[in-house]
Amino acid sequence: MRLVLPNPGLDLRIPNYEDLEKMEKEDGDRPKWDNKAQYILTCVGFCVGIGNVWRFPYLCQTHGGGAFLIPYIILLVLEGLPLLLLEFGIGQRLRKGSVGVWRAINPYLTGVGIASMLVSLLIGLYYNTLIAWIMWYLFNSFQGPLPWTQCPLNDNRTGFISECQQSSTVDYYFYRVTLNASASITDSGGLQWPIVICLLAAWTVICICYIRGISTSGKAVYVTALLPYVVLAIFLIRGLTLKGAMNGVKYLFTPDVDELMNPTTWLDAGAQVFYAFSLAWGGLISFSSYNPVHNNCMQDAVILTIITGLTSIYAATVTYTVIGFRATDKYDTCISENIRMLLNGFELPEDSITASNYNAALHHLNSSNPDTVFGLDIKTCDMQKLLSEGVEGTGLAFIVFTEAITKMPGSPAWSVLFFIMLLCLGLSTLFGNIEGVVVPLKDLNLFPKKWPQEALTGVTCLVSFIICLLFAQQSGLYWVTLFDNFAGSIPLLTIGLTEMIAVVYIYGIDRFNEDIKFMIGKKPCIFWQISLRFTSPLILLVILVFYLVTQAQQELTYLVWDPDYDEFPTLASVPYPSWINVVIFVLAGIPSLVVPVYALCRLVFVRCKKKMNYLNTVSASEASCLFHQCTFVMVGIKCNIF
Amino acid sequence: MLEKILLLLSLSLSVAEGLCKPGVGEAYKVRFSIKTALGDQAYPWNKNEMFLFRAALAFAMRDFTNGEEFGVSDIHPCNETQRVSFWFVVTRPKTMDLVDKGTVEMAIKKSRNRINGAFLLTDKTLEFDGIYPTLAAPVSPDTPPWLIVFGVVMGAVSVGIIALLVYPLVQRKLKKNMDADDEDSDEETGVKTAENGANDGIYNSTFSDDERFTQM
């Protein structure tokens with residue numbers, strides 16, 4: 001297919017092969033990786049994030065267990081791999097950050113870079129709040145017994161506070177002690193000071209790790225990218241030796257092939273692959289632009305895909321050993337409690353009912369004295385239900401896992417290890433995130449040119465910290481969920497799709513093939529050709545359309561922690577207030593719309609400039625009329641954005 | 001004389017049995033979970049253990065009422081089950097008047113640990129129906145440990161930032177001093193070439209890169 005849109009002046013905007021070779025030999029002022037390992041570790045750290053621990057295992061288990069691996073791996077290869085090659089290749093070839101790359105391909109496409117930057121910024125804000133919560137739990141893990149094992153006492157010291165009594169110690173600790181969650185997003189309450197100082201700690205740590213760009217973050221990734229694997233191994237060994245671990249693993253991997261017929265399975269698999277690879281954030285393009293010109297980016301893409309896929313499965317196994325342990329423990333407690341109630345109710349000797357003959361005994365008693373049994377209010381203990389409880393997102397890390405850890409011997413140590421692992425996973429993703437924010441800001445000349453890298457990082461972190469105070473309010477949890485749902489979904493898909501179309505049809509797939517041949521030594525094979533031209537854009541388009549359709553049909557509701565709710569401790573489902581539509585537009589609409597709006601503004605600006613040149617030869621009245629038309633783009637000229 | 005005493009005793013016993021009615025009046029229910037607490041080392045429940053219970057409760061009453069001479073015979077159990085649970089009432093010494101529930105409750109609360117200790121049990125395994133144990137307050141240290149860890153982390157990070165910012169400035173200053181010394185020594189020797197930096201041949205990328213980005 002020779003379909004390429006006209007793109008005049010492309011050769012003048014990008015360095016040609018001789019320039020690239022020359023740049024390779026000279027020591028330019030562009031940062032460089034110290035070695036290949038740093039680059040690979042940074043990319044692995046960026047792609048492997050908290051989502052691999054708390055999103056993928058949940059998806060795997062709800063969509064048919066082991067059978068979910070089939071759509072996941074298929075989409076990993078068909079969707080993730082080509083997009084990775086695209087971002088790596090284009091960054092390495094054009095040697096610029098995301099704004100620079102799209103501006104070089106075509107100045108009208110600069111909007112794609114700006115959109116990437118906005119999305120990275122919005123995601124970075126709420127992601128760092130999660131890091132702040134993780135830090136809070138980490139700081140509080142250095143004591144035994146752990147603070148979430150105990151409920152505070154009520155006033156007359158005969159029982160616990162009712163909120164804690166009705167829910168559980170871990171729920172209370174998360175929603176009340178840590179977040180002090182209000183009952184709705186409108187009720188913002190005051191700032192939660194522990195969260196504010198944890199946010200300060202989180203932003204300061206990011207600042208110091210990225211203070212000199214990749215020369216400092218490149219050193220930090222040796223720890224943040226490798227430590228999670230070590231901790232996961234330790235947890236795997238610990239997990240497999242716990243009682244009931246195999247229940248969890250079996251539950252996770254039991255295949256249910258019927259789920260493959262369900263389109264949501266494929267949709268979720270596709271979305272997970274897309275977000276897991278951190279595509280369209282702009283960070284990967286930036287990172288590969290620091291590579292030597294002849295680095296084998298195709299091999300890198302394949303390596304990264306394999307590592308991410310294997311890590312997801314590895315993390316899922318570890319997670320489910322712990323979930324299986326917790327579910328088994330809760331099940332045993334439930335059975336013991338029922339046995340106790342039966343013994344007390346029927347005044348039977350202590351050893352007469354044990355866990356093994358519980359079912360038979362219950363049946364016998366129910367048939368002989370059904371009224372008494374009914375009066376005792378025996379709860380049914382359902383292992384499957386316990387295994388499927390709250391095992392996604394913050395619920396997994398802060399409620400299920402923390403509860404499981406309290407039951408392990410030596411819990412403070414396990415808690416510290418777990419939260420350090422989450423911290424490292426989050427930090428390494430944030431390095432890519434902040435790269436995707438700072439480098440475009442530099443390219444757009446929004447900072448004075450004289451400022452050193454340290455100042456850029458410092459200012460970005462400071463401004464982000466101030467905006468993040470929004471999440472330190474009592475309603476912060478609901479804001480984080482809002483950002484998670486809207487800032488990181490539709491805009492990324494739109495940007496990813498635009499990127500593919502831009503590179504394949506505007507930059508030209510033939511030119512891209514030639515570039516790969518120049519950089520690596522061989523042209524991409526037929527698999528890459530077909531997937532880059534057809535299958536990947538098509539898959540992205542399908543996912544985007546489905547996403548838009550399901551989001552439009554969904555009622556805008558969210559879950560709140562409301563002690564006054566009838567079915568407390570279940571989270572109440574409450575509709576969003578009407579002003580939330582504005583916020584959703586800002587989060588999801590503005591980044592997506594920047595691409596066409598920028599192109600339009602630039603079109604107007606170009607026409608205005610032509611008219612300005614023409615102004616020199618026309619009468620004064622015409623000149624003033626034309627001048628008024630063009631005043632609104634003066635800002636663009638001043639900022640040097642155009 | 002002997003017959004009178006025997007008559008009185010049997011009367012009192014029968015009255016006492018009448019006094020202890022499960023669920024009514026001043027009776028309390030108590031439940032022992034010996035096997036749950038002690039597992040293999042559980043002792044069997046028998047008359048001697050019952051006697052110990054009555055003695056322990058008599059002690060609790062004496063301790064609470066500061067000297068009223070309660071005895072084992074003032075504690076009247078009834079309705080003993082295989083679960084090892086039974087009801088009991090307490091009567092005043094030398095009379096058949098029932099002691100009210102409130103007093104019994106407070107006496108038991110006061111000496112709960114002693115009663116538990118006598119049977120090697122805990123609040124959960126020796127239960128008095130209706131008397132809730134006062135719970136121990138959760139452990140809370142004076143300085144919250146998280147503040148200490150936070151302080152350590154922030155201190156380390158701040159030191160790191162300052163070091164990273166100050167180090168290049170210090171380097172530059174040292175280099176300037178060294179250059180100034182070199183220049184002084186050069187001037188002394190009197191030879192100064194005009195092309196100080198021109199023979200390095202650094203590739204000046206100004207001419208090749210930026211102009212490729214034409215202002216459209």
# chains A, B, ... in the order shown; residues from 1 in each chain; ligands from 1

$ closest_atom_pairs --of "chain A" --to "chain B" --cutoff "6 Å" --atoms "only C-alpha atoms" --output "JSON lines"
{"residue": "A:Leu12", "atom": "CA", "partner": "B:Arg212", "partner_atom": "CA", "distance": 4.7}
{"residue": "A:Arg13", "atom": "CA", "partner": "B:Phe213", "partner_atom": "CA", "distance": 4.6}
{"residue": "A:Phe139", "atom": "CA", "partner": "B:Trp146", "partner_atom": "CA", "distance": 4.5}
{"residue": "A:Asn140", "atom": "CA", "partner": "B:Trp146", "partner_atom": "CA", "distance": 4.8}
{"residue": "A:Arg157", "atom": "CA", "partner": "B:Thr134", "partner_atom": "CA", "distance": 5.8}
{"residue": "A:Thr158", "atom": "CA", "partner": "B:Thr134", "partner_atom": "CA", "distance": 4.9}
{"residue": "A:Ile208", "atom": "CA", "partner": "B:Ile161", "partner_atom": "CA", "distance": 5.8}
{"residue": "A:Glu347", "atom": "CA", "partner": "B:Arg83", "partner_atom": "CA", "distance": 4.8}
{"residue": "A:Leu348", "atom": "CA", "partner": "B:Arg83", "partner_atom": "CA", "distance": 4.8}
{"residue": "A:Pro349", "atom": "CA", "partner": "B:Arg83", "partner_atom": "CA", "distance": 4.1}

$ write_last_selection --atoms "N, CA and C atoms" --output "PDB file, in the first residue's frame"
ATOM      1  N   LEU A  12      13.464  18.523   5.367  1.00  0.00           N
ATOM      2  CA  LEU A  12      14.154  19.665   5.948  1.00  0.00           C
ATOM      3  C   LEU A  12      14.033  19.692   7.466  1.00  0.00           C
ATOM      4  N   ARG A  13      13.011  18.994   7.986  1.00  0.00           N
ATOM      5  CA  ARG A  13      12.759  19.088   9.422  1.00  0.00           C
ATOM      6  C   ARG A  13      13.492  18.023  10.217  1.00  0.00           C
ATOM      7  N   PHE A 139       5.604   3.777  56.119  1.00  0.00           N
ATOM      8  CA  PHE A 139       6.099   4.399  57.350  1.00  0.00           C
ATOM      9  C   PHE A 139       5.469   3.754  58.580  1.00  0.00           C
ATOM     10  N   ASN A 140       4.199   3.358  58.438  1.00  0.00           N
ATOM     11  CA  ASN A 140       3.514   2.789  59.590  1.00  0.00           C
ATOM     12  C   ASN A 140       3.772   1.307  59.777  1.00  0.00           C
ATOM     13  N   ARG A 157     -15.201   1.693  76.959  1.00  0.00           N
ATOM     14  CA  ARG A 157     -14.185   0.642  76.925  1.00  0.00           C
ATOM     15  C   ARG A 157     -14.756  -0.763  76.992  1.00  0.00           C
ATOM     16  N   THR A 158     -16.014  -0.917  76.581  1.00  0.00           N
ATOM     17  CA  THR A 158     -16.519  -2.286  76.568  1.00  0.00           C
ATOM     18  C   THR A 158     -16.528  -2.858  75.172  1.00  0.00           C
ATOM     19  N   ILE A 208      14.273  14.241  43.606  1.00  0.00           N
ATOM     20  CA  ILE A 208      15.689  13.918  43.705  1.00  0.00           C
ATOM     21  C   ILE A 208      16.081  12.828  42.725  1.00  0.00           C
ATOM     22  N   GLU A 347     -25.920 -26.633  73.564  1.00  0.00           N
ATOM     23  CA  GLU A 347     -25.242 -27.107  74.774  1.00  0.00           C
ATOM     24  C   GLU A 347     -24.578 -28.466  74.567  1.00  0.00           C
ATOM     25  N   LEU A 348     -23.899 -28.614  73.438  1.00  0.00           N
ATOM     26  CA  LEU A 348     -23.234 -29.879  73.161  1.00  0.00           C
ATOM     27  C   LEU A 348     -21.791 -29.807  73.657  1.00  0.00           C
ATOM     28  N   PRO A 349     -21.189 -30.962  73.987  1.00  0.00           N
ATOM     29  CA  PRO A 349     -19.785 -30.933  74.436  1.00  0.00           C
ATOM     30  C   PRO A 349     -18.875 -30.411  73.328  1.00  0.00           C
TER      31      PRO A 349
END

$ residues_around --residues "region 62-65 of chain B" --least-positions-apart "3" --cutoff "8 Å" --atoms "only C-alpha atoms" --output "short mmCIF file (atom, residue, chain, number, x, y, z; two decimals) with all heavy atoms, in the first residue's frame"
data_model
loop_
_atom_site.label_atom_id
_atom_site.label_comp_id
_atom_site.auth_asym_id
_atom_site.auth_seq_id
_atom_site.Cartn_x
_atom_site.Cartn_y
_atom_site.Cartn_z
N ALA B 58 -16.96 -17.04 95.45
CA ALA B 58 -17.12 -16.58 96.84
C ALA B 58 -16.01 -15.59 97.17
O ALA B 58 -16.24 -14.55 97.81
CB ALA B 58 -17.08 -17.79 97.79
N PHE B 59 -14.81 -15.89 96.71
CA PHE B 59 -13.70 -14.97 96.92
C PHE B 59 -13.99 -13.61 96.27
O PHE B 59 -13.75 -12.56 96.86
CB PHE B 59 -12.40 -15.56 96.33
CG PHE B 59 -11.36 -14.53 96.04
CD1 PHE B 59 -10.61 -13.97 97.07
CD2 PHE B 59 -11.15 -14.07 94.74
CE1 PHE B 59 -9.66 -12.99 96.82
CE2 PHE B 59 -10.20 -13.10 94.48
CZ PHE B 59 -9.45 -12.56 95.52
N GLU B 68 -17.68 -9.22 103.78
CA GLU B 68 -18.86 -10.05 104.06
C GLU B 68 -18.51 -11.50 103.83
O GLU B 68 -18.01 -11.86 102.78
CB GLU B 68 -20.00 -9.67 103.11
CG GLU B 68 -21.01 -8.71 103.74
CD GLU B 68 -22.22 -8.55 102.86
OE1 GLU B 68 -22.98 -9.52 102.76
OE2 GLU B 68 -22.35 -7.46 102.25
N GLU B 69 -18.79 -12.35 104.77
CA GLU B 69 -18.20 -13.69 104.77
C GLU B 69 -18.96 -14.65 103.87
O GLU B 69 -19.65 -15.55 104.32
CB GLU B 69 -18.16 -14.22 106.20
CG GLU B 69 -17.41 -13.29 107.12
CD GLU B 69 -16.24 -13.97 107.80
OE1 GLU B 69 -16.38 -15.19 108.07
OE2 GLU B 69 -15.21 -13.32 108.02
N PHE B 70 -18.79 -14.43 102.54
CA PHE B 70 -19.41 -15.37 101.60
C PHE B 70 -18.66 -16.68 101.66
O PHE B 70 -17.44 -16.72 101.80
CB PHE B 70 -19.33 -14.82 100.18
CG PHE B 70 -20.30 -13.73 99.90
CD1 PHE B 70 -19.97 -12.40 100.14
CD2 PHE B 70 -21.57 -14.02 99.40
CE1 PHE B 70 -20.87 -11.39 99.87
CE2 PHE B 70 -22.47 -13.01 99.13
CZ PHE B 70 -22.13 -11.68 99.37
N MET B 106 -20.50 -6.51 89.24
CA MET B 106 -19.33 -5.68 89.57
C MET B 106 -18.27 -6.49 90.29
O MET B 106 -17.07 -6.29 90.09
CB MET B 106 -19.78 -4.48 90.40
CG MET B 106 -20.51 -3.48 89.53
SD MET B 106 -20.69 -1.89 90.27
CE MET B 106 -22.02 -2.23 91.39
N ALA B 107 -18.72 -7.44 91.13
CA ALA B 107 -17.74 -8.26 91.83
C ALA B 107 -16.95 -9.10 90.84
O ALA B 107 -15.72 -9.24 90.93
CB ALA B 107 -18.47 -9.17 92.81
N LYS B 110 -14.48 -7.06 88.88
CA LYS B 110 -13.30 -6.66 89.64
C LYS B 110 -12.28 -7.79 89.69
O LYS B 110 -11.09 -7.57 89.58
CB LYS B 110 -13.73 -6.27 91.06
CG LYS B 110 -12.60 -5.71 91.88
CD LYS B 110 -13.05 -5.24 93.24
CE LYS B 110 -11.83 -4.78 94.04
NZ LYS B 110 -12.10 -4.59 95.44
N SER B 111 -12.76 -9.01 89.89
CA SER B 111 -11.83 -10.12 90.08
C SER B 111 -11.75 -11.03 88.87
O SER B 111 -11.38 -12.21 89.00
CB SER B 111 -12.25 -10.96 91.28
OG SER B 111 -12.47 -10.13 92.38
#

$ residues_around --residues "region 359-367 of chain A" --least-positions-apart "3" --cutoff "12 Å" --atoms "only C-alpha atoms" --output "tab-separated table (two decimals) with C-alpha atoms, in the first residue's frame"
chain	number	residue	atom	x	y	z
A	335	ILE	CA	-16.65	-22.27	60.20
A	338	ASN	CA	-20.56	-21.29	63.31
A	339	ILE	CA	-19.43	-24.35	65.25
A	340	ARG	CA	-19.14	-22.26	68.39
A	341	MET	CA	-22.66	-20.92	67.93
A	342	LEU	CA	-24.04	-24.41	67.39
A	343	LEU	CA	-22.27	-25.77	70.47
A	345	GLY	CA	-26.98	-23.00	71.25
A	346	PHE	CA	-27.47	-26.74	71.69
A	348	LEU	CA	-23.23	-29.88	73.16
A	351	ASP	CA	-15.40	-31.69	70.58
A	352	SER	CA	-18.62	-33.04	69.18
A	353	ILE	CA	-18.60	-30.79	66.10
A	354	THR	CA	-15.33	-30.22	64.26
A	355	ALA	CA	-14.54	-28.73	60.87
A	356	SER	CA	-14.64	-32.16	59.24
A	370	PRO	CA	-34.86	-26.11	62.48
A	371	ASP	CA	-36.25	-23.24	64.57
A	372	THR	CA	-33.33	-23.14	66.97
A	373	VAL	CA	-30.87	-23.30	64.12
A	374	PHE	CA	-32.66	-20.46	62.37
A	375	GLY	CA	-32.63	-18.41	65.55
A	376	LEU	CA	-28.87	-18.79	65.84
A	378	ILE	CA	-25.66	-19.20	61.13
A	379	LYS	CA	-23.78	-17.55	58.27
A	380	THR	CA	-22.99	-19.57	55.18
A	381	CYS	CA	-19.25	-19.77	54.62

$ residues_around --residues "Ser415 (chain A)" --least-positions-apart "6" --cutoff "8 Å" --atoms "only C-alpha atoms" --output "list in words"
Leu138, Ser141, Thr402 and Ile405 of chain A

$ atom_distance --atom1 "CA of Leu497 (chain A)" --atom2 "CA of Met261 (chain A)"
25.6 Å

$ atom_distance --atom1 "CA of Ile590 (chain A)" --atom2 "CA of Ala487 (chain A)"
9.9 Å

$ atom_distance --atom1 "CA of Tyr39 (chain A)" --atom2 "CA of Gly521 (chain A)"
20.7 Å

$ residues_around --residues "Thr481 (chain A)" --least-positions-apart "2" --cutoff "10 Å" --atoms "only C-alpha atoms" --output "ChimeraX atom specification"
/A:126,393-394,476-479,483-487,558-559

$ write_last_selection --atoms "N, CA, C and O atoms" --output "short mmCIF file (atom, residue, chain, number, x, y, z; two decimals), in the first residue's frame"
data_model
loop_
_atom_site.label_atom_id
_atom_site.label_comp_id
_atom_site.auth_asym_id
_atom_site.auth_seq_id
_atom_site.Cartn_x
_atom_site.Cartn_y
_atom_site.Cartn_z
N TYR A 126 -2.38 11.79 39.94
CA TYR A 126 -3.08 10.87 40.82
C TYR A 126 -2.22 9.65 41.15
O TYR A 126 -2.36 9.04 42.20
N GLY A 393 -7.35 -3.08 42.46
CA GLY A 393 -7.03 -1.70 42.78
C GLY A 393 -6.61 -1.49 44.22
O GLY A 393 -5.99 -2.36 44.83
N THR A 394 -6.97 -0.31 44.74
CA THR A 394 -6.55 0.02 46.10
C THR A 394 -7.09 -0.98 47.10
O THR A 394 -6.47 -1.27 48.11
N GLY A 476 -10.49 13.05 48.79
CA GLY A 476 -9.42 12.73 47.86
C GLY A 476 -9.57 11.39 47.16
O GLY A 476 -9.27 11.26 45.99
N LEU A 477 -10.05 10.38 47.90
CA LEU A 477 -10.19 9.05 47.31
C LEU A 477 -11.10 9.08 46.08
O LEU A 477 -10.81 8.44 45.07
N TYR A 478 -12.16 9.87 46.16
CA TYR A 478 -13.12 9.90 45.04
C TYR A 478 -12.53 10.62 43.86
O TYR A 478 -12.79 10.28 42.70
N TRP A 479 -11.69 11.64 44.12
CA TRP A 479 -11.02 12.33 43.03
C TRP A 479 -10.03 11.41 42.34
O TRP A 479 -9.92 11.41 41.11
N PHE A 483 -10.06 10.47 38.39
CA PHE A 483 -8.92 10.63 37.49
C PHE A 483 -8.56 9.29 36.86
O PHE A 483 -8.26 9.20 35.68
N ASP A 484 -8.56 8.24 37.68
CA ASP A 484 -8.19 6.92 37.18
C ASP A 484 -9.11 6.47 36.06
O ASP A 484 -8.68 5.93 35.05
N ASN A 485 -10.42 6.76 36.22
CA ASN A 485 -11.37 6.29 35.22
C ASN A 485 -11.32 7.10 33.94
O ASN A 485 -11.51 6.56 32.86
N PHE A 486 -11.10 8.41 34.06
CA PHE A 486 -11.28 9.26 32.89
C PHE A 486 -10.00 9.81 32.29
O PHE A 486 -9.92 10.00 31.09
N ALA A 487 -9.00 10.12 33.13
CA ALA A 487 -7.81 10.75 32.55
C ALA A 487 -6.95 9.73 31.83
O ALA A 487 -6.20 10.07 30.93
N TYR A 558 -20.47 6.53 41.56
CA TYR A 558 -19.22 6.15 42.19
C TYR A 558 -19.51 5.56 43.55
O TYR A 558 -20.63 5.71 44.07
N LEU A 559 -18.52 4.88 44.10
CA LEU A 559 -18.71 4.19 45.38
C LEU A 559 -18.17 5.06 46.51
O LEU A 559 -17.09 5.62 46.40
#

$ residues_around --residues "region 162-169 of chain A" --least-positions-apart "3" --cutoff "10 Å" --atoms "only C-alpha atoms" --output "PyMOL selection string"
chain A and resi 147-154+159+172-174+176+399+403+562-564+568-570

$ write_last_selection --atoms "N, CA, C and O atoms" --output "PDB file, in the first residue's frame"
ATOM      1  N   PRO A 147      -0.523  -1.169  63.045  1.00  0.00           N
ATOM      2  CA  PRO A 147      -1.649  -0.367  63.534  1.00  0.00           C
ATOM      3  C   PRO A 147      -2.997  -0.758  62.966  1.00  0.00           C
ATOM      4  O   PRO A 147      -4.020  -0.395  63.526  1.00  0.00           O
ATOM      5  N   TRP A 148      -3.020  -1.503  61.837  1.00  0.00           N
ATOM      6  CA  TRP A 148      -4.328  -1.879  61.327  1.00  0.00           C
ATOM      7  C   TRP A 148      -4.805  -3.223  61.854  1.00  0.00           C
ATOM      8  O   TRP A 148      -5.731  -3.816  61.299  1.00  0.00           O
ATOM      9  N   THR A 149      -4.190  -3.730  62.932  1.00  0.00           N
ATOM     10  CA  THR A 149      -4.712  -4.947  63.542  1.00  0.00           C
ATOM     11  C   THR A 149      -5.681  -4.644  64.666  1.00  0.00           C
ATOM     12  O   THR A 149      -6.371  -5.538  65.129  1.00  0.00           O
ATOM     13  N   GLN A 150      -5.687  -3.385  65.130  1.00  0.00           N
ATOM     14  CA  GLN A 150      -6.502  -3.086  66.305  1.00  0.00           C
ATOM     15  C   GLN A 150      -7.512  -2.008  65.979  1.00  0.00           C
ATOM     16  O   GLN A 150      -7.223  -1.061  65.280  1.00  0.00           O
ATOM     17  N   CYS A 151      -8.685  -2.166  66.558  1.00  0.00           N
ATOM     18  CA  CYS A 151      -9.692  -1.120  66.496  1.00  0.00           C
ATOM     19  C   CYS A 151      -9.526  -0.243  67.727  1.00  0.00           C
ATOM     20  O   CYS A 151      -9.252  -0.767  68.800  1.00  0.00           O
ATOM     21  N   PRO A 152      -9.778   1.038  67.599  1.00  0.00           N
ATOM     22  CA  PRO A 152      -9.780   1.847  68.822  1.00  0.00           C
ATOM     23  C   PRO A 152     -11.020   1.534  69.657  1.00  0.00           C
ATOM     24  O   PRO A 152     -12.045   1.123  69.125  1.00  0.00           O
ATOM     25  N   LEU A 153     -10.918   1.716  70.982  1.00  0.00           N
ATOM     26  CA  LEU A 153     -12.029   1.394  71.873  1.00  0.00           C
ATOM     27  C   LEU A 153     -13.035   2.531  71.891  1.00  0.00           C
ATOM     28  O   LEU A 153     -12.676   3.681  71.659  1.00  0.00           O
ATOM     29  N   ASN A 154     -14.270   2.159  72.226  1.00  0.00           N
ATOM     30  CA  ASN A 154     -15.270   3.222  72.351  1.00  0.00           C
ATOM     31  C   ASN A 154     -15.182   3.827  73.752  1.00  0.00           C
ATOM     32  O   ASN A 154     -14.314   3.482  74.540  1.00  0.00           O
ATOM     33  N   GLY A 159     -16.270  -2.048  74.186  1.00  0.00           N
ATOM     34  CA  GLY A 159     -16.282  -2.554  72.813  1.00  0.00           C
ATOM     35  C   GLY A 159     -15.515  -1.606  71.938  1.00  0.00           C
ATOM     36  O   GLY A 159     -14.890  -0.662  72.418  1.00  0.00           O
ATOM     37  N   TYR A 172     -11.333   0.171  58.462  1.00  0.00           N
ATOM     38  CA  TYR A 172     -11.347   1.369  59.290  1.00  0.00           C
ATOM     39  C   TYR A 172     -10.036   2.130  59.148  1.00  0.00           C
ATOM     40  O   TYR A 172     -10.020   3.349  59.011  1.00  0.00           O
ATOM     41  N   TYR A 173      -8.930   1.402  59.177  1.00  0.00           N
ATOM     42  CA  TYR A 173      -7.630   2.062  59.096  1.00  0.00           C
ATOM     43  C   TYR A 173      -7.465   2.792  57.774  1.00  0.00           C
ATOM     44  O   TYR A 173      -6.946   3.908  57.730  1.00  0.00           O
ATOM     45  N   PHE A 174      -7.924   2.168  56.677  1.00  0.00           N
ATOM     46  CA  PHE A 174      -7.760   2.808  55.374  1.00  0.00           C
ATOM     47  C   PHE A 174      -8.702   3.990  55.215  1.00  0.00           C
ATOM     48  O   PHE A 174      -8.288   5.098  54.899  1.00  0.00           O
ATOM     49  N   ARG A 176     -10.807   5.557  57.458  1.00  0.00           N
ATOM     50  CA  ARG A 176     -10.973   6.543  58.504  1.00  0.00           C
ATOM     51  C   ARG A 176      -9.639   7.117  58.954  1.00  0.00           C
ATOM     52  O   ARG A 176      -9.434   8.321  58.945  1.00  0.00           O
ATOM     53  N   ILE A 399      -6.394  -3.259  51.605  1.00  0.00           N
ATOM     54  CA  ILE A 399      -7.354  -3.946  52.463  1.00  0.00           C
ATOM     55  C   ILE A 399      -7.083  -5.445  52.484  1.00  0.00           C
ATOM     56  O   ILE A 399      -6.804  -6.021  53.540  1.00  0.00           O
ATOM     57  N   GLU A 403      -4.624  -7.197  55.349  1.00  0.00           N
ATOM     58  CA  GLU A 403      -5.265  -8.134  56.258  1.00  0.00           C
ATOM     59  C   GLU A 403      -4.535  -9.467  56.248  1.00  0.00           C
ATOM     60  O   GLU A 403      -4.293 -10.069  57.295  1.00  0.00           O
ATOM     61  N   ASP A 562     -19.684   5.263  53.448  1.00  0.00           N
ATOM     62  CA  ASP A 562     -20.660   6.036  54.217  1.00  0.00           C
ATOM     63  C   ASP A 562     -21.116   5.230  55.412  1.00  0.00           C
ATOM     64  O   ASP A 562     -21.908   4.290  55.274  1.00  0.00           O
ATOM     65  N   PRO A 563     -20.655   5.571  56.630  1.00  0.00           N
ATOM     66  CA  PRO A 563     -21.071   4.797  57.799  1.00  0.00           C
ATOM     67  C   PRO A 563     -22.578   4.830  58.050  1.00  0.00           C
ATOM     68  O   PRO A 563     -23.096   3.947  58.716  1.00  0.00           O
ATOM     69  N   ASP A 564     -23.270   5.837  57.493  1.00  0.00           N
ATOM     70  CA  ASP A 564     -24.711   5.907  57.729  1.00  0.00           C
ATOM     71  C   ASP A 564     -25.513   5.120  56.716  1.00  0.00           C
ATOM     72  O   ASP A 564     -26.736   5.102  56.752  1.00  0.00           O
ATOM     73  N   PHE A 568     -23.981  -0.655  55.135  1.00  0.00           N
ATOM     74  CA  PHE A 568     -22.592  -0.504  55.554  1.00  0.00           C
ATOM     75  C   PHE A 568     -22.106  -1.812  56.122  1.00  0.00           C
ATOM     76  O   PHE A 568     -22.833  -2.454  56.860  1.00  0.00           O
ATOM     77  N   PRO A 569     -20.960  -2.367  55.889  1.00  0.00           N
ATOM     78  CA  PRO A 569     -19.789  -1.770  55.241  1.00  0.00           C
ATOM     79  C   PRO A 569     -19.681  -1.899  53.744  1.00  0.00           C
ATOM     80  O   PRO A 569     -18.639  -1.595  53.188  1.00  0.00           O
ATOM     81  N   THR A 570     -20.722  -2.355  53.049  1.00  0.00           N
ATOM     82  CA  THR A 570     -20.629  -2.318  51.586  1.00  0.00           C
ATOM     83  C   THR A 570     -20.576  -0.863  51.149  1.00  0.00           C
ATOM     84  O   THR A 570     -21.259  -0.020  51.708  1.00  0.00           O
TER      85      THR A 570
END

$ closest_residue --among "A:Trp33, A:Tyr505, A:Ile420, A:Cys601" --to "Leu227 (chain A)" --atoms "only C-alpha atoms"
A:Ile420

$ residues_around --residues "Tyr17 (chain A)" --least-positions-apart "5" --cutoff "12 Å" --atoms "only C-alpha atoms" --output "NGL selection string"
:A and (11 or 22-24 or 93-94 or 293-294 or 514-519)

$ select_by_dssp --residues "region 22-215 of chain B" --states "helix (DSSP H, G or I)" --output "number ranges by chain"
B: 34-41, 47-65, 72-74, 101-110, 112-119, 145-189, 198-200, 205-207, 210-212
